[in-house]
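**Student:** My structure is in query_11.txt, and what it holds is compact mmCIF, C-alpha atoms:
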# COMPACT_ATOMS: atom_id res chain seq x y z
CA MET A 198 39.18 124.62 121.32
CA SER A 199 41.88 122.33 120.07
CA HIS A 200 40.98 118.68 119.42
CA ILE A 201 43.42 117.50 122.11
CA ASP A 202 44.58 119.00 125.40
CA LEU A 203 47.81 120.72 124.38
CA GLN A 204 48.54 121.70 128.01
CA ASN A 205 49.40 125.25 126.97
CA ASP A 206 47.63 128.20 125.39
CA PHE A 207 50.15 129.23 122.74
CA PRO A 208 48.47 130.18 119.44
CA GLY A 209 48.74 128.29 116.14
CA ILE A 210 51.57 125.84 115.59
CA ARG A 211 53.28 126.94 118.80
CA GLY A 212 50.66 124.97 120.77
CA PRO A 213 51.43 121.48 119.37
CA MET A 214 55.13 122.33 119.17
CA ALA A 215 55.21 122.98 122.91
CA TYR A 216 53.06 119.87 123.51
CA ARG A 217 55.48 117.60 121.61
CA PRO A 218 58.93 119.23 121.68
CA GLU A 219 60.61 116.16 120.18
CA THR A 220 58.98 116.74 116.80
CA SER A 221 59.25 120.53 117.12
CA VAL A 222 63.04 120.28 116.82
CA PRO A 223 63.19 118.99 113.21
CA LEU A 224 60.09 121.00 112.23
CA ASN A 225 61.80 124.22 113.30
CA ALA A 226 65.12 123.16 111.78
CA LEU A 227 63.36 122.56 108.46
CA ALA A 228 61.66 125.97 108.56
CA GLU A 229 64.97 127.61 109.46
CA VAL A 230 66.85 126.13 106.48
CA LEU A 231 64.01 126.71 104.03
CA LEU A 232 62.91 130.18 105.10
CA ARG A 233 65.92 131.84 106.70
CA GLY A 234 69.02 129.92 105.56
CA LYS A 235 71.50 131.21 102.98
CA ASN A 236 69.72 131.20 99.65
CA SER A 237 69.59 132.99 96.31
CA LEU A 238 65.88 133.52 96.99
CA SER A 239 65.40 136.34 99.51
CA ARG A 240 63.75 135.70 102.86
CA GLY A 241 60.87 137.82 101.59
CA ASP A 242 60.47 135.62 98.49
CA ARG A 243 60.45 132.45 100.58
CA GLU A 244 58.02 133.78 103.20
CA LEU A 245 55.79 134.90 100.33
CA ILE A 246 55.70 131.35 98.94
CA ALA A 247 54.84 130.07 102.45
CA THR A 248 52.11 132.70 102.79
CA PHE A 249 50.65 131.94 99.38
CA VAL A 250 50.46 128.18 99.96
CA SER A 251 48.97 128.71 103.44
CA SER A 252 46.35 130.94 101.84
CA LEU A 253 45.49 128.23 99.29
CA ASN A 254 45.18 125.79 102.19
CA ASP A 255 42.94 128.29 104.00
CA CYS A 256 45.13 128.22 107.13
CA HIS A 257 44.52 131.49 108.98
CA PHE A 258 47.40 131.34 111.47
CA CYS A 259 50.07 130.36 108.92
CA GLN A 260 49.05 132.80 106.21
CA GLN A 261 48.86 135.68 108.70
CA ILE A 262 52.14 135.08 110.49
CA HIS A 263 54.14 134.29 107.35
CA GLY A 264 52.40 137.17 105.57
CA GLY A 265 53.66 139.35 108.42
CA TYR A 266 57.22 138.07 107.91
CA ALA A 267 56.98 138.53 104.13
CA ARG A 268 55.77 142.11 104.57
CA HIS A 269 58.58 142.81 106.99
CA TYR A 270 61.35 141.46 104.77
CA MET A 271 59.88 142.91 101.56
CA GLU A 272 59.43 146.29 103.27
CA CYS A 273 56.03 146.62 101.65
CA ASP A 274 52.52 147.13 102.95
CA MET A 275 50.00 144.33 103.41
CA GLY A 276 48.29 145.42 100.19
CA LEU A 277 50.98 143.68 98.14
CA ILE A 278 50.72 140.50 100.19
CA ASP A 279 46.94 140.51 99.68
CA ALA A 280 47.36 141.16 95.96
CA VAL A 281 49.62 138.11 95.65
CA LYS A 282 47.08 135.97 97.48
CA SER A 283 44.14 137.10 95.39
CA ASP A 284 45.84 137.22 91.96
CA PHE A 285 49.59 136.68 91.90
CA VAL A 286 49.79 136.85 88.10
CA ALA A 287 48.57 140.46 88.15
CA SER A 288 50.53 141.44 91.27
CA ASP A 289 53.64 143.62 91.32
CA ILE A 290 56.28 140.90 91.79
CA SER A 291 59.04 139.59 89.51
CA ALA A 292 58.38 137.26 86.60
CA LYS A 293 60.54 134.66 88.32
CA MET A 294 58.49 134.82 91.53
CA LYS A 295 55.29 134.45 89.50
CA MET A 296 56.63 131.25 87.94
CA LEU A 297 57.75 129.92 91.34
CA LEU A 298 54.32 130.69 92.82
CA TRP A 299 52.77 128.86 89.87
CA ILE A 300 54.88 125.82 90.77
CA ALA A 301 53.97 126.20 94.46
CA ALA A 302 50.25 126.34 93.62
CA SER A 303 50.63 123.14 91.59
CA VAL A 304 52.40 121.39 94.48
CA GLN A 305 49.58 122.47 96.80
CA LYS A 306 47.07 120.60 94.61
CA GLY A 307 49.32 117.53 94.51
CA GLY A 308 52.88 116.78 93.39
CA LYS A 309 51.88 115.34 90.02
CA ASN A 310 50.39 118.68 88.99
CA VAL A 311 53.90 120.06 88.48
CA THR A 312 54.76 119.57 84.80
CA GLN A 313 57.89 119.97 82.73
CA GLY A 314 56.12 123.02 81.26
CA HIS A 315 56.13 124.71 84.68
CA ILE A 316 59.80 123.90 85.15
CA ASN A 317 60.80 125.13 81.70
CA ALA A 318 58.83 128.36 82.19
CA ALA A 319 60.51 128.99 85.56
CA LYS A 320 63.96 128.32 84.12
CA SER A 321 63.29 130.63 81.16
CA VAL A 322 62.94 133.54 83.58
CA GLY A 323 66.08 132.65 85.52
CA ALA A 324 65.03 130.15 88.20
CA THR A 325 67.83 127.73 89.14
CA ASP A 326 67.48 124.05 89.98
CA LEU A 327 68.05 124.80 93.65
CA GLU A 328 65.41 127.56 93.65
CA ILE A 329 62.93 125.17 92.05
CA HIS A 330 63.83 122.48 94.60
CA ASP A 331 63.34 124.86 97.49
CA THR A 332 60.08 126.19 96.09
CA VAL A 333 58.68 122.66 95.79
CA LEU A 334 59.82 121.78 99.31
CA ILE A 335 58.54 125.03 100.88
CA ALA A 336 55.15 124.44 99.23
CA ALA A 337 55.14 120.80 100.33
CA ALA A 338 56.24 121.70 103.87
CA PHE A 339 53.39 124.17 104.23
CA CYS A 340 50.96 121.49 103.10
CA MET A 341 52.25 119.77 106.26
CA PHE A 342 52.42 122.76 108.63
CA ASN A 343 48.93 123.96 107.59
CA ARG A 344 47.41 120.51 108.16
CA TYR A 345 49.19 120.21 111.52
CA VAL A 346 47.77 123.56 112.65
CA ASP A 347 44.20 123.01 111.41
CA GLY A 348 44.05 119.23 111.85
CA LEU A 349 44.42 119.73 115.60
CA ALA A 350 42.06 122.75 115.53
CA THR A 351 44.58 125.04 117.24
CA TRP A 352 43.36 128.51 118.18
CA ALA A 353 44.67 131.65 116.49
CA PRO A 354 44.25 135.37 117.10
CA GLU A 355 41.88 136.93 114.56
CA SER A 356 43.42 140.38 114.39
CA ARG A 357 45.98 140.89 111.66
CA ASP A 358 47.76 143.52 113.79
CA TYR A 359 48.87 140.77 116.17
CA TYR A 360 50.77 139.01 113.40
CA ILE A 361 52.23 142.15 111.84
CA GLU A 362 53.62 143.23 115.20
CA ARG A 363 54.87 139.77 116.13
CA ALA A 364 56.62 139.35 112.77
CA LYS A 365 58.36 142.71 113.20
CA HIS A 366 59.74 141.69 116.57
CA ARG A 367 60.57 138.09 115.70
CA ALA A 368 62.00 138.45 112.18
CA ASP A 369 65.60 138.59 113.36
CA GLU A 370 65.27 135.46 115.47
CA ALA A 371 65.75 131.97 114.11
CA TYR A 372 62.98 129.40 113.83
CA VAL A 373 64.16 127.32 116.73
CA SER A 374 62.69 124.82 119.12
CA HIS A 375 63.28 125.17 122.79
CA GLY A 376 64.07 121.49 122.64
CA PRO A 377 62.75 118.34 124.22
CA VAL A 378 61.80 118.80 127.82
CA ASN A 379 60.71 116.22 130.34
CA LYS A 380 57.07 115.40 129.81
CA MET B 150 63.50 111.98 84.53
CA PRO B 151 63.41 114.27 87.57
CA HIS B 152 62.43 117.89 86.92
CA ILE B 153 65.83 119.09 88.13
CA ASP B 154 69.30 117.57 87.92
CA PHE B 155 69.97 115.82 91.25
CA ASN B 156 73.52 114.83 90.26
CA ASN B 157 72.67 111.29 91.38
CA ASN B 158 70.42 108.43 90.27
CA PHE B 159 68.95 107.48 93.65
CA PRO B 160 65.28 106.47 93.62
CA GLY B 161 62.39 108.52 95.01
CA ILE B 162 62.99 110.85 97.91
CA ARG B 163 66.57 109.60 98.23
CA GLY B 164 67.52 111.51 95.08
CA ALA B 165 66.13 114.76 96.44
CA LEU B 166 67.62 114.19 99.90
CA ALA B 167 71.10 113.57 98.50
CA TYR B 168 70.79 116.68 96.33
CA ARG B 169 70.09 118.95 99.32
CA PRO B 170 71.58 117.51 102.56
CA GLU B 171 70.75 120.71 104.49
CA THR B 172 67.03 120.01 104.23
CA ALA B 173 67.51 116.23 104.29
CA LYS B 174 68.77 116.38 107.86
CA PRO B 175 65.61 117.69 109.55
CA LEU B 176 63.42 115.63 107.19
CA GLY B 177 65.23 112.46 108.27
CA GLU B 178 65.01 113.40 111.94
CA LEU B 179 61.29 114.07 111.64
CA ALA B 180 60.68 110.68 109.98
CA GLN B 181 62.80 108.93 112.60
CA ILE B 182 60.84 110.39 115.52
CA LEU B 183 57.39 109.99 113.97
CA LEU B 184 57.82 106.51 112.51
CA LYS B 185 60.23 104.77 114.88
CA ASP B 186 58.67 105.92 118.16
CA THR B 187 57.22 103.04 120.18
CA VAL B 188 55.10 105.02 122.66
CA GLY B 189 51.36 104.56 122.13
CA LEU B 190 51.47 103.61 118.48
CA SER B 191 53.80 100.85 117.28
CA PRO B 192 56.21 101.42 114.39
CA ALA B 193 53.99 99.08 112.31
CA GLU B 194 50.92 101.24 112.99
CA ARG B 195 52.87 104.40 112.19
CA GLU B 196 54.10 102.98 108.88
CA LEU B 197 50.57 101.84 108.00
CA ILE B 198 49.33 105.42 108.50
CA ALA B 199 52.21 106.70 106.33
CA MET B 200 51.48 104.08 103.67
CA TYR B 201 47.76 104.84 103.64
CA VAL B 202 48.15 108.63 103.34
CA SER B 203 50.70 108.11 100.55
CA HIS B 204 48.19 105.87 98.80
CA LEU B 205 45.49 108.56 99.10
CA ASN B 206 47.96 111.09 97.67
CA ASP B 207 48.62 108.68 94.79
CA CYS B 208 52.34 108.63 95.57
CA PHE B 209 53.42 105.19 94.38
CA TYR B 210 57.01 105.43 95.61
CA CYS B 211 56.10 106.41 99.20
CA GLY B 212 53.11 104.06 99.34
CA GLN B 213 55.19 101.07 98.28
CA SER B 214 58.22 101.99 100.37
CA HIS B 215 56.32 102.45 103.63
CA GLY B 216 54.07 99.49 102.86
CA GLU B 217 57.16 97.26 102.59
CA ILE B 218 58.53 98.57 105.89
CA ALA B 219 55.17 97.77 107.53
CA VAL B 220 55.35 94.27 105.99
CA ILE B 221 58.62 93.65 107.82
CA TYR B 222 57.29 94.91 111.16
CA LEU B 223 54.18 92.76 110.72
CA GLY B 224 56.20 89.57 110.34
CA ASP B 225 55.97 89.46 106.54
CA ASN B 226 52.19 89.86 106.53
CA ARG B 227 51.94 91.51 103.12
CA GLN B 228 48.27 90.62 102.83
CA LEU B 229 47.38 92.76 105.85
CA VAL B 230 49.17 95.77 104.35
CA GLU B 231 47.30 95.24 101.09
CA ASP B 232 44.02 94.97 103.00
CA VAL B 233 44.67 98.27 104.81
CA ARG B 234 45.59 99.94 101.53
CA ASN B 235 42.48 98.71 99.73
CA ASP B 236 39.86 98.90 102.48
CA TYR B 237 41.14 99.52 105.99
CA LYS B 238 37.65 99.40 107.49
CA SER B 239 37.39 95.67 106.80
CA ALA B 240 41.06 94.86 107.49
CA ALA B 241 42.13 92.77 110.49
CA ILE B 242 43.43 95.73 112.50
CA SER B 243 42.29 97.25 115.80
CA ASP B 244 39.30 99.58 116.00
CA LYS B 245 41.67 102.18 117.38
CA LEU B 246 43.89 102.04 114.30
CA LYS B 247 40.82 102.15 112.04
CA ALA B 248 39.64 105.31 113.79
CA LEU B 249 43.11 106.86 113.50
CA LEU B 250 43.30 105.99 109.80
CA GLY B 251 39.95 107.80 109.51
CA VAL B 252 41.52 110.87 111.13
CA ALA B 253 44.57 110.58 108.83
CA ALA B 254 42.31 110.42 105.77
CA LYS B 255 40.61 113.65 106.89
CA VAL B 256 43.98 115.36 107.40
CA GLN B 257 44.94 114.29 103.88
CA GLN B 258 41.90 116.17 102.52
CA GLY B 259 42.80 119.24 104.58
CA GLY B 260 43.22 120.03 108.28
CA LYS B 261 39.76 121.52 108.68
CA HIS B 262 38.12 118.27 107.60
CA VAL B 263 38.94 116.70 110.98
CA THR B 264 35.84 116.99 113.18
CA PRO B 265 35.38 116.64 116.95
CA GLN B 266 33.35 113.50 116.13
CA ASP B 267 36.37 111.94 114.38
CA ILE B 268 38.41 112.61 117.52
CA ASP B 269 35.67 111.26 119.82
CA VAL B 270 35.51 108.01 117.86
CA ALA B 271 39.30 107.60 118.14
CA ARG B 272 39.16 108.30 121.88
CA SER B 273 36.32 105.83 122.39
CA HIS B 274 38.60 103.12 121.00
CA GLY B 275 41.43 104.04 123.33
CA ALA B 276 43.44 106.60 121.38
CA THR B 277 45.29 109.04 123.64
CA ASP B 278 45.95 112.70 122.92
CA ARG B 279 49.51 111.76 122.01
CA ASP B 280 48.29 109.06 119.58
CA ILE B 281 45.99 111.60 117.94
CA HIS B 282 48.76 114.21 117.79
CA ASP B 283 51.17 111.78 116.16
CA THR B 284 48.55 110.54 113.71
CA VAL B 285 47.76 114.09 112.59
CA LEU B 286 51.44 114.94 112.21
CA ILE B 287 52.32 111.70 110.38
CA ALA B 288 49.44 112.32 107.96
CA ALA B 289 50.45 115.97 107.52
CA ALA B 290 54.12 115.04 107.06
CA PHE B 291 53.23 112.57 104.30
CA CYS B 292 51.24 115.30 102.57
CA MET B 293 54.66 116.98 102.46
CA PHE B 294 56.86 113.97 101.60
CA ASN B 295 54.46 112.81 98.85
CA ARG B 296 54.41 116.27 97.25
CA TYR B 297 58.20 116.52 97.51
CA VAL B 298 58.65 113.18 95.76
CA ASP B 299 56.09 113.73 92.99
CA GLY B 300 56.52 117.50 92.67
CA LEU B 301 60.13 116.94 91.57
CA ASP B 302 59.19 113.87 89.51
CA THR B 303 61.76 111.67 91.25
CA LEU B 304 62.75 108.26 89.86
CA VAL B 305 60.23 105.51 90.62
CA PRO B 306 61.68 101.99 90.43
CA THR B 307 59.43 99.42 88.77
CA ASP B 308 61.37 96.44 90.15
CA MET B 309 59.41 95.70 93.32
CA GLU B 310 62.32 93.82 94.87
CA LEU B 311 64.10 97.17 95.24
CA TYR B 312 61.39 98.38 97.64
CA ALA B 313 61.82 95.32 99.85
CA GLN B 314 65.60 95.78 99.97
CA ARG B 315 65.37 99.43 100.95
CA ALA B 316 62.63 98.64 103.48
CA LYS B 317 64.99 96.18 105.17
CA GLN B 318 67.61 98.91 105.45
CA VAL B 319 65.13 101.31 107.11
CA ALA B 320 63.66 98.64 109.39
CA GLU B 321 67.14 97.78 110.64
CA HIS B 322 68.84 101.17 110.74
CA GLY B 323 66.04 103.73 110.79
CA TYR B 324 65.83 107.01 108.91
CA GLY B 325 68.78 109.33 108.53
CA PRO B 326 71.71 110.29 106.30
CA HIS B 327 72.69 106.65 105.70
CA ILE B 328 69.71 106.18 103.37
CA TYR B 329 71.00 108.72 100.85
CA ALA B 330 74.69 109.19 101.67
CA GLY B 331 75.92 105.64 101.33
CA GLN B 332 75.79 102.77 98.91
CA GLN B 333 72.21 101.97 97.94
CA PRO B 334 70.98 98.49 98.97
CA LEU B 335 70.54 97.52 95.32
Would you kindly transcribe this structure into structure tokens?

**Tutor:**
Amino acid sequence: MSHIDLQNDFPGIRGPMAYRPETSVPLNALAEVLLRGKNSLSRGDRELIATFVSSLNDCHFCQQIHGGYARHYMECDMGLIDAVKSDFVASDISAKMKMLLWIAASVQKGGKNVTQGHINAAKSVGATDLEIHDTVLIAAAFCMFNRYVDGLATWAPESRDYYIERAKHRADEAYVSHGPVNK
Amino acid sequence: MPHIDFNNNFPGIRGALAYRPETAKPLGELAQILLKDTVGLSPAERELIAMYVSHLNDCFYCGQSHGEIAVIYLGDNRQLVEDVRNDYKSAAISDKLKALLGVAAKVQQGGKHVTPQDIDVARSHGATDRDIHDTVLIAAAFCMFNRYVDGLDTLVPTDMELYAQRAKQVAEHGYGPHIYAGQQPL
């Protein structure tokens, strides 16, 4: 049961977004630019960062749905997504993605945990300033989204199949709000 | 020195916003709605929540900036802002705002720290569902803004007068592209 009456029974973040459409507009616009907009990082890379941070924040809904999107874009099985969550250093991803996940994990703990050493290491394996910027902001944004979802105690389907199927069907659609409605 | 080259020397989040206007736009819109709304919670109360969460996240730039904006809304009552920052439970603010600051502090630790009891206390002091929603989202959003500002090691002015000048700009004109696209107040 959610902490407040959301007046709908959508799962996860969709509940509070429908409850307060005014704030859902910029929240969706932010997700759209960060996760789906034109970028030298692939959509799979960016959804993987979102999944990883949501996992560190122990947010079930966010890590499952974004894990579903990451799997879809990366055309891999969930085993790889799970491997990244449990030990990204040993997982089968690029050296650049490992460095970006290292930065994302530092952001999750708190902004000051990101050091010049992290930045230099990421740049040494080809990360650009813009990729580092977007990694920091994706990680920071999911520290918001995860807290929004769990801070209101929204409900979420348990079954992973729900998310895998939903991601498959929704991956080609933008993150978009249905806009402010009269409330 | 910021971790990446912003191609500008704007302070704090303004440097990062100017560097990437595509993400700055929704970030500015989110701040505008959450902090300038007057329904339920006043802009002063909203800025106090933002200031307090930034303080808990040890983000000096955001804590000072939003504290100064609250000072303006509170009729230059800087002492009250300092009291909330240092010990909100004994500050001269409403029981409702104290309860909501308690909820915000839990969100700062992590969403799952918020308990039904925290919500019940807020309700017993008159907080509505919308007040609670906005408090949770303001606290969550500052867990983002603070990490954005410190995660990129943005410039932190040490001249405190600069915070007051920028606060005046936000109090008068709100959040949006003007805070990073135009001439800086100082």

**Student:** At most 7 Å is the cut-off: for each residue in chain B with any atom that close to an atom of chain A, write down the nearest atom pair and the distance in Å rounded to one decimal, counting all atoms listed in the file, chain first then increasing number, as a tab-separated table.

**Tutor:**
residue	atom	partner	partner_atom	distance
B:His152	CA	A:Gln313	CA	6.5
B:Ile153	CA	A:Asp326	CA	5.5
B:Glu171	CA	A:Val230	CA	7.0
B:Thr172	CA	A:Leu227	CA	6.2
B:Pro175	CA	A:Pro223	CA	4.6
B:Leu176	CA	A:Pro223	CA	6.9
B:Glu178	CA	A:Pro223	CA	6.0
B:Leu179	CA	A:Pro223	CA	5.5
B:Ile182	CA	A:Thr220	CA	6.7
B:Val256	CA	A:Gly348	CA	5.9
B:Gly259	CA	A:Arg344	CA	6.0
B:Gly260	CA	A:Gly348	CA	3.8
B:Lys261	CA	A:Asp347	CA	5.4
B:Val263	CA	A:Gly348	CA	5.8
B:Pro265	CA	A:His200	CA	6.5
B:Ile268	CA	A:His200	CA	6.9
B:Asp278	CA	A:Ile201	CA	5.5
B:Val285	CA	A:Tyr345	CA	6.4
B:Leu286	CA	A:Tyr345	CA	5.8
B:Ala289	CA	A:Met341	CA	4.4
B:Ala290	CA	A:Met341	CA	5.1
B:Cys292	CA	A:Met341	CA	5.9
B:Met293	CA	A:Ala337	CA	4.4
B:Asn295	CA	A:Gly308	CA	6.9
B:Arg296	CA	A:Gly308	CA	4.2
B:Tyr297	CA	A:Leu334	CA	5.8
B:Asp299	CA	A:Gly308	CA	4.4
B:Gly300	CA	A:Gly308	CA	3.8

**Student:** Write the residues of the selection above to a file with C-alpha atoms, as an mmCIF file, keeping the file's coordinate frame.

**Tutor:**
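Result file is result-v9.cif:
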data_model
loop_
_atom_site.group_PDB
_atom_site.id
_atom_site.type_symbol
_atom_site.label_atom_id
_atom_site.label_comp_id
_atom_site.auth_asym_id
_atom_site.auth_seq_id
_atom_site.Cartn_x
_atom_site.Cartn_y
_atom_site.Cartn_z
ATOM 1 C CA HIS B 152 62.430 117.890 86.920
ATOM 2 C CA ILE B 153 65.830 119.090 88.130
ATOM 3 C CA GLU B 171 70.750 120.710 104.490
ATOM 4 C CA THR B 172 67.030 120.010 104.230
ATOM 5 C CA PRO B 175 65.610 117.690 109.550
ATOM 6 C CA LEU B 176 63.420 115.630 107.190
ATOM 7 C CA GLU B 178 65.010 113.400 111.940
ATOM 8 C CA LEU B 179 61.290 114.070 111.640
ATOM 9 C CA ILE B 182 60.840 110.390 115.520
ATOM 10 C CA VAL B 256 43.980 115.360 107.400
ATOM 11 C CA GLY B 259 42.800 119.240 104.580
ATOM 12 C CA GLY B 260 43.220 120.030 108.280
ATOM 13 C CA LYS B 261 39.760 121.520 108.680
ATOM 14 C CA VAL B 263 38.940 116.700 110.980
ATOM 15 C CA PRO B 265 35.380 116.640 116.950
ATOM 16 C CA ILE B 268 38.410 112.610 117.520
ATOM 17 C CA ASP B 278 45.950 112.700 122.920
ATOM 18 C CA VAL B 285 47.760 114.090 112.590
ATOM 19 C CA LEU B 286 51.440 114.940 112.210
ATOM 20 C CA ALA B 289 50.450 115.970 107.520
ATOM 21 C CA ALA B 290 54.120 115.040 107.060
ATOM 22 C CA CYS B 292 51.240 115.300 102.570
ATOM 23 C CA MET B 293 54.660 116.980 102.460
ATOM 24 C CA ASN B 295 54.460 112.810 98.850
ATOM 25 C CA ARG B 296 54.410 116.270 97.250
ATOM 26 C CA TYR B 297 58.200 116.520 97.510
ATOM 27 C CA ASP B 299 56.090 113.730 92.990
ATOM 28 C CA GLY B 300 56.520 117.500 92.670
#

**Student:** Taking all listed atoms of stretch 333-340 of chain A, build the axis-aligned box, pad each of the six sides by 5 Å, then write its centre and edge lengths in Å to one decimal as AutoDock Vina command-line options.

**Tutor:**
--center_x 55.4 --center_y 122.9 --center_z 100.0 --size_x 18.9 --size_y 14.2 --size_z 18.4

**Student:** Using only C-alpha atoms, which residue out of B:Ala330, B:Leu301, B:Ile287, B:Val252 lies closest to B:Lys185?

**Tutor:**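 Smallest distance to B:Lys185 is found for B:Ile287.
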
**Student:** As a list in words, please: the residues near B:Lys317 (cut-off 9 Å, all atoms listed in the file, same-chain neighbours under 3 positions excluded).

**Tutor:**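 Skipping anything fewer than 3 positions along the chain leaves Glu217, Ile218, Ile221, Tyr312, Ala313, Gln314, Ala320, Glu321, His322 and Pro334 of chain B.
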
**Student:** Within 10 Å of stretch 358-364 of chain A, counting all atoms listed in the file, which residues qualify if same-chain residues fewer than 2 places away don't, as an MDAnalysis selection string?

**Tutor:** chainID A and resid 258:270 275 354:356 366:370

**Student:** At what distance in Å, to one decimal, does atom CA of A:Ile246 lie from atom CA of A:Ser288?

**Tutor:**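 Taking atom CA of A:Ser288 and atom CA of A:Ile246, their separation equals 13.7 Å.
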
**Student:** For stretch 189-203 of chain B, work out the shell of residues within 7 Å, counting only C-alpha atoms and skipping chain neighbours fewer than 4 positions away, then give it as a PDB file with C-alpha atoms, in the coordinates of the input.

**Tutor:**
ATOM      1  CA  LEU B 184      57.820 106.510 112.510  1.00  0.00           C
ATOM      2  CA  LYS B 185      60.230 104.770 114.880  1.00  0.00           C
ATOM      3  CA  ASP B 207      48.620 108.680  94.790  1.00  0.00           C
ATOM      4  CA  CYS B 208      52.340 108.630  95.570  1.00  0.00           C
ATOM      5  CA  CYS B 211      56.100 106.410  99.200  1.00  0.00           C
ATOM      6  CA  GLY B 212      53.110 104.060  99.340  1.00  0.00           C
ATOM      7  CA  HIS B 215      56.320 102.450 103.630  1.00  0.00           C
ATOM      8  CA  GLY B 216      54.070  99.490 102.860  1.00  0.00           C
ATOM      9  CA  ILE B 218      58.530  98.570 105.890  1.00  0.00           C
ATOM     10  CA  ALA B 219      55.170  97.770 107.530  1.00  0.00           C
ATOM     11  CA  TYR B 222      57.290  94.910 111.160  1.00  0.00           C
ATOM     12  CA  LEU B 223      54.180  92.760 110.720  1.00  0.00           C
ATOM     13  CA  ARG B 234      45.590  99.940 101.530  1.00  0.00           C
ATOM     14  CA  LEU B 250      43.300 105.990 109.800  1.00  0.00           C
ATOM     15  CA  ALA B 253      44.570 110.580 108.830  1.00  0.00           C
ATOM     16  CA  ALA B 254      42.310 110.420 105.770  1.00  0.00           C
ATOM     17  CA  GLN B 257      44.940 114.290 103.880  1.00  0.00           C
ATOM     18  CA  ASP B 280      48.290 109.060 119.580  1.00  0.00           C
ATOM     19  CA  ILE B 287      52.320 111.700 110.380  1.00  0.00           C
ATOM     20  CA  ALA B 288      49.440 112.320 107.960  1.00  0.00           C
ATOM     21  CA  PHE B 291      53.230 112.570 104.300  1.00  0.00           C
ATOM     22  CA  ASN B 295      54.460 112.810  98.850  1.00  0.00           C
TER      23      ASN B 295
END

**Student:** Name the closest residue to B:Gly275 among the candidates B:Ala248, B:Gln258, B:His327, B:Val298; distances are taken between atoms, counting all atoms listed in the file.

**Tutor:**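 Closest residue, counting all atoms listed in the file: B:Ala248.
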
**Student:** Please determine, counting all atoms listed in the file, which residue among B:Lys255, B:His204, B:His282, B:Arg169 has the shortest atom-to-atom distance to B:Val233.

**Tutor:**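 Among the listed residues, B:His204 lies closest to B:Val233.
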
**Student:** Which residues, written as a list of chain:residue names, have at least one atom at most 9 Å from stretch 271-273 of chain B, with only C-alpha atoms counted and residues fewer than 6 positions away on the same chain left out?

**Tutor:** B:Asp244, B:Lys245, B:Leu246, B:Lys247, B:Ala248, B:Leu249, B:Gly251, B:Val252, B:Ile281

**Student:** Which polymer residues have any atom within 12 Å of an atom of A:Ser291, counting all atoms listed in the file, with same-chain residues fewer than 6 positions away left out, as a VMD selection string?

**Tutor:** chain A and resid 238 242 281 285 297 to 298 319 322 to 324

**Student:** Can you write out the residues you just picked, keeping C-alpha atoms, as a CSV table (one decimal), keeping the file's coordinate frame?

**Tutor:**
chain,number,residue,atom,x,y,z
A,238,LEU,CA,65.9,133.5,97.0
A,242,ASP,CA,60.5,135.6,98.5
A,281,VAL,CA,49.6,138.1,95.6
A,285,PHE,CA,49.6,136.7,91.9
A,297,LEU,CA,57.8,129.9,91.3
A,298,LEU,CA,54.3,130.7,92.8
A,319,ALA,CA,60.5,129.0,85.6
A,322,VAL,CA,62.9,133.5,83.6
A,323,GLY,CA,66.1,132.6,85.5
A,324,ALA,CA,65.0,130.2,88.2

**Student:** Hey, can you check how far atom CA of B:Leu229 sits from atom CA of B:Ala241?

**Tutor:**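 Here the two named atoms are 7.0 Å from each other.
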